[in-house]
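Here is the structure we will look at, set down as structure tokens.
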Amino acid sequence: MNQYIIDGEKKPFQPKGWAIVEHRKDGWSPWNSKHALHLSCGQKGNNVSNGNQLREELAGLAVLNANTLDYFLSNPDRIPTSWKMDKKGRHWWVCFWGTIYRLYDGGLCVRCLCWGTYGWCWSSCRIGLSFSGQYPAAVLVS
């Protein structure tokens, strides 16, 4: 099986008018089966979790930064197909909590990878809002 290396050290894409508030550098890592989608207890079932609380909960996990998202957008054939939809057929919004941005209006957000009508794209989620089970965090598992 081929290993693809992702540079988690460099500065990720920064949309115009946004600032990078936090960027957890995660080294050079191979993309392989040790990466997973993570839902907090507060996101499971029909529950939702406040983004600020979720950010605190994820602080102890090896969350992936936006460099992995940027890598995938450049190499969409390497995105796991399981990242398209959950078991109920709802689209995932895979969040890359290792990079936190400040929007032009001062609000904080994370960038997300999502599958849509025209294929893979990125969007953003404001941290001050609620995150349901459709918004898993991309994490590195040991």
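Each chain in the structure tokens gets a letter, A, B and so on, in the order shown; residues start at 1 in every chain, and ligands are counted from 1 in the order they appear.
Of the residues in region 57-86 of chain A, those that DSSP places in helix (DSSP H, G or I) on the basis of the backbone are A:Glu57, A:Leu58, A:Ala66, A:Asn67, A:Thr68, A:Leu69, A:Asp70, A:Tyr71, A:Phe72, A:Leu73, A:Ser74, A:Pro76, A:Asp77, A:Arg78, A:Thr81, A:Ser82, A:Trp83.
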Next on the checklist: DSSP on the backbone: which residues in region 46-130 of chain A end up as strand (DSSP E or B)? Give the answer as JSON, numbers by chain.
Outcome noted: {"A": [49, 50, 63, 85, 91, 93, 94, 95, 99, 100, 101, 102, 108, 109, 110, 111, 112, 113, 114, 115, 116, 119, 120, 121, 122, 123, 124, 125, 126, 130]}
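Closest approach to Cys121 (chain A) among A:Pro76, A:Gly133, A:Gly106, A:Gly89 is made by A:Pro76 (distances from only C-alpha atoms).
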Item to check | Nearest to Ile5 (chain A) by atom-to-atom distance, counting only C-alpha atoms, from A:Trp120, A:Phe96, A:Phe72, A:Trp83 | outcome: A:Phe72
Pull the closest atom pair for each residue of region 37-101 of chain A that gets at most 10 Å from region 8-28 of chain A, along with the distance in Å to one decimal, counting only C-alpha atoms, ordering rows by chain and then ascending residue number, as JSON lines.
{"residue": "A:Ala62", "atom": "CA", "partner": "A:Asp26", "partner_atom": "CA", "distance": 8.3}
{"residue": "A:Val63", "atom": "CA", "partner": "A:Arg24", "partner_atom": "CA", "distance": 8.4}
{"residue": "A:Leu64", "atom": "CA", "partner": "A:Asp26", "partner_atom": "CA", "distance": 7.3}
{"residue": "A:Asn65", "atom": "CA", "partner": "A:Arg24", "partner_atom": "CA", "distance": 6.4}
{"residue": "A:Ala66", "atom": "CA", "partner": "A:Pro12", "partner_atom": "CA", "distance": 5.9}
{"residue": "A:Asn67", "atom": "CA", "partner": "A:Pro12", "partner_atom": "CA", "distance": 5.2}
{"residue": "A:Thr68", "atom": "CA", "partner": "A:Gly8", "partner_atom": "CA", "distance": 7.1}
{"residue": "A:Leu69", "atom": "CA", "partner": "A:Pro12", "partner_atom": "CA", "distance": 8.9}
{"residue": "A:Asp70", "atom": "CA", "partner": "A:Phe13", "partner_atom": "CA", "distance": 7.0}
{"residue": "A:Tyr71", "atom": "CA", "partner": "A:Pro12", "partner_atom": "CA", "distance": 9.6}
{"residue": "A:Trp97", "atom": "CA", "partner": "A:Arg24", "partner_atom": "CA", "distance": 8.8}
{"residue": "A:Gly98", "atom": "CA", "partner": "A:Arg24", "partner_atom": "CA", "distance": 5.1}
{"residue": "A:Thr99", "atom": "CA", "partner": "A:His23", "partner_atom": "CA", "distance": 4.4}
{"residue": "A:Ile100", "atom": "CA", "partner": "A:Glu22", "partner_atom": "CA", "distance": 5.0}
{"residue": "A:Tyr101", "atom": "CA", "partner": "A:Ile20", "partner_atom": "CA", "distance": 4.5}
Generate a file of the selected residues that holds N, CA and C atoms, formatted as an mmCIF file, in the first residue's frame.
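Written output follows (result-v6.cif):
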data_model
loop_
_atom_site.group_PDB
_atom_site.id
_atom_site.type_symbol
_atom_site.label_atom_id
_atom_site.label_comp_id
_atom_site.auth_asym_id
_atom_site.auth_seq_id
_atom_site.Cartn_x
_atom_site.Cartn_y
_atom_site.Cartn_z
ATOM 1 N N ALA A 62 -5.325 14.241 19.216
ATOM 2 C CA ALA A 62 -4.447 14.588 18.096
ATOM 3 C C ALA A 62 -5.312 14.951 16.883
ATOM 4 N N VAL A 63 -5.922 16.139 16.948
ATOM 5 C CA VAL A 63 -6.758 16.594 15.837
ATOM 6 C C VAL A 63 -5.864 17.012 14.674
ATOM 7 N N LEU A 64 -6.340 16.793 13.478
ATOM 8 C CA LEU A 64 -5.580 17.160 12.284
ATOM 9 C C LEU A 64 -5.771 18.640 11.985
ATOM 10 N N ASN A 65 -4.735 19.246 11.432
ATOM 11 C CA ASN A 65 -4.841 20.657 11.073
ATOM 12 C C ASN A 65 -5.291 20.809 9.614
ATOM 13 N N ALA A 66 -5.458 22.039 9.200
ATOM 14 C CA ALA A 66 -5.999 22.325 7.867
ATOM 15 C C ALA A 66 -5.067 21.926 6.731
ATOM 16 N N ASN A 67 -3.816 21.607 7.018
ATOM 17 C CA ASN A 67 -2.927 21.136 5.956
ATOM 18 C C ASN A 67 -3.425 19.823 5.365
ATOM 19 N N THR A 68 -4.011 18.969 6.197
ATOM 20 C CA THR A 68 -4.564 17.717 5.686
ATOM 21 C C THR A 68 -5.751 18.011 4.778
ATOM 22 N N LEU A 69 -6.590 18.957 5.161
ATOM 23 C CA LEU A 69 -7.717 19.366 4.314
ATOM 24 C C LEU A 69 -7.206 19.889 2.975
ATOM 25 N N ASP A 70 -6.190 20.749 3.018
ATOM 26 C CA ASP A 70 -5.628 21.296 1.783
ATOM 27 C C ASP A 70 -5.028 20.198 0.912
ATOM 28 N N TYR A 71 -4.362 19.238 1.554
ATOM 29 C CA TYR A 71 -3.794 18.099 0.834
ATOM 30 C C TYR A 71 -4.904 17.322 0.117
ATOM 31 N N TRP A 97 -9.833 20.628 13.381
ATOM 32 C CA TRP A 97 -9.721 21.471 14.573
ATOM 33 C C TRP A 97 -8.291 21.858 14.914
ATOM 34 N N GLY A 98 -7.308 21.335 14.221
ATOM 35 C CA GLY A 98 -5.919 21.702 14.498
ATOM 36 C C GLY A 98 -5.561 23.097 14.011
ATOM 37 N N THR A 99 -6.441 23.715 13.239
ATOM 38 C CA THR A 99 -6.233 25.089 12.778
ATOM 39 C C THR A 99 -7.516 25.875 13.057
ATOM 40 N N ILE A 100 -7.393 26.932 13.826
ATOM 41 C CA ILE A 100 -8.515 27.805 14.171
ATOM 42 C C ILE A 100 -8.299 29.143 13.480
ATOM 43 N N TYR A 101 -9.330 29.629 12.833
ATOM 44 C CA TYR A 101 -9.276 30.903 12.106
ATOM 45 C C TYR A 101 -10.154 31.953 12.783
#
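Minimum distance to Leu73 (chain A) across A:Ser142, A:Gln134, A:Ser123, A:Gln43 (counting only C-alpha atoms) occurs at A:Ser123.
Proximity to Trp122 (chain A) was assessed for A:Val94, A:Leu61, A:Leu108, A:Leu54 counting only C-alpha atoms; the smallest distance is recorded for A:Val94.
With CA of Ala137 (chain A) on one side and CA of Tyr118 (chain A) on the other, the separation reads 22.6 Å.
When only C-alpha atoms are used to compute distances to Ser40 (chain A), the closest of the residues A:Asn52, A:Lys84, A:Val141, A:Ser132 turns out to be A:Ser132.
Our summary of the geometry notes that CA of Gly128 (chain A) is positioned 8.0 Å from CA of Cys109 (chain A).
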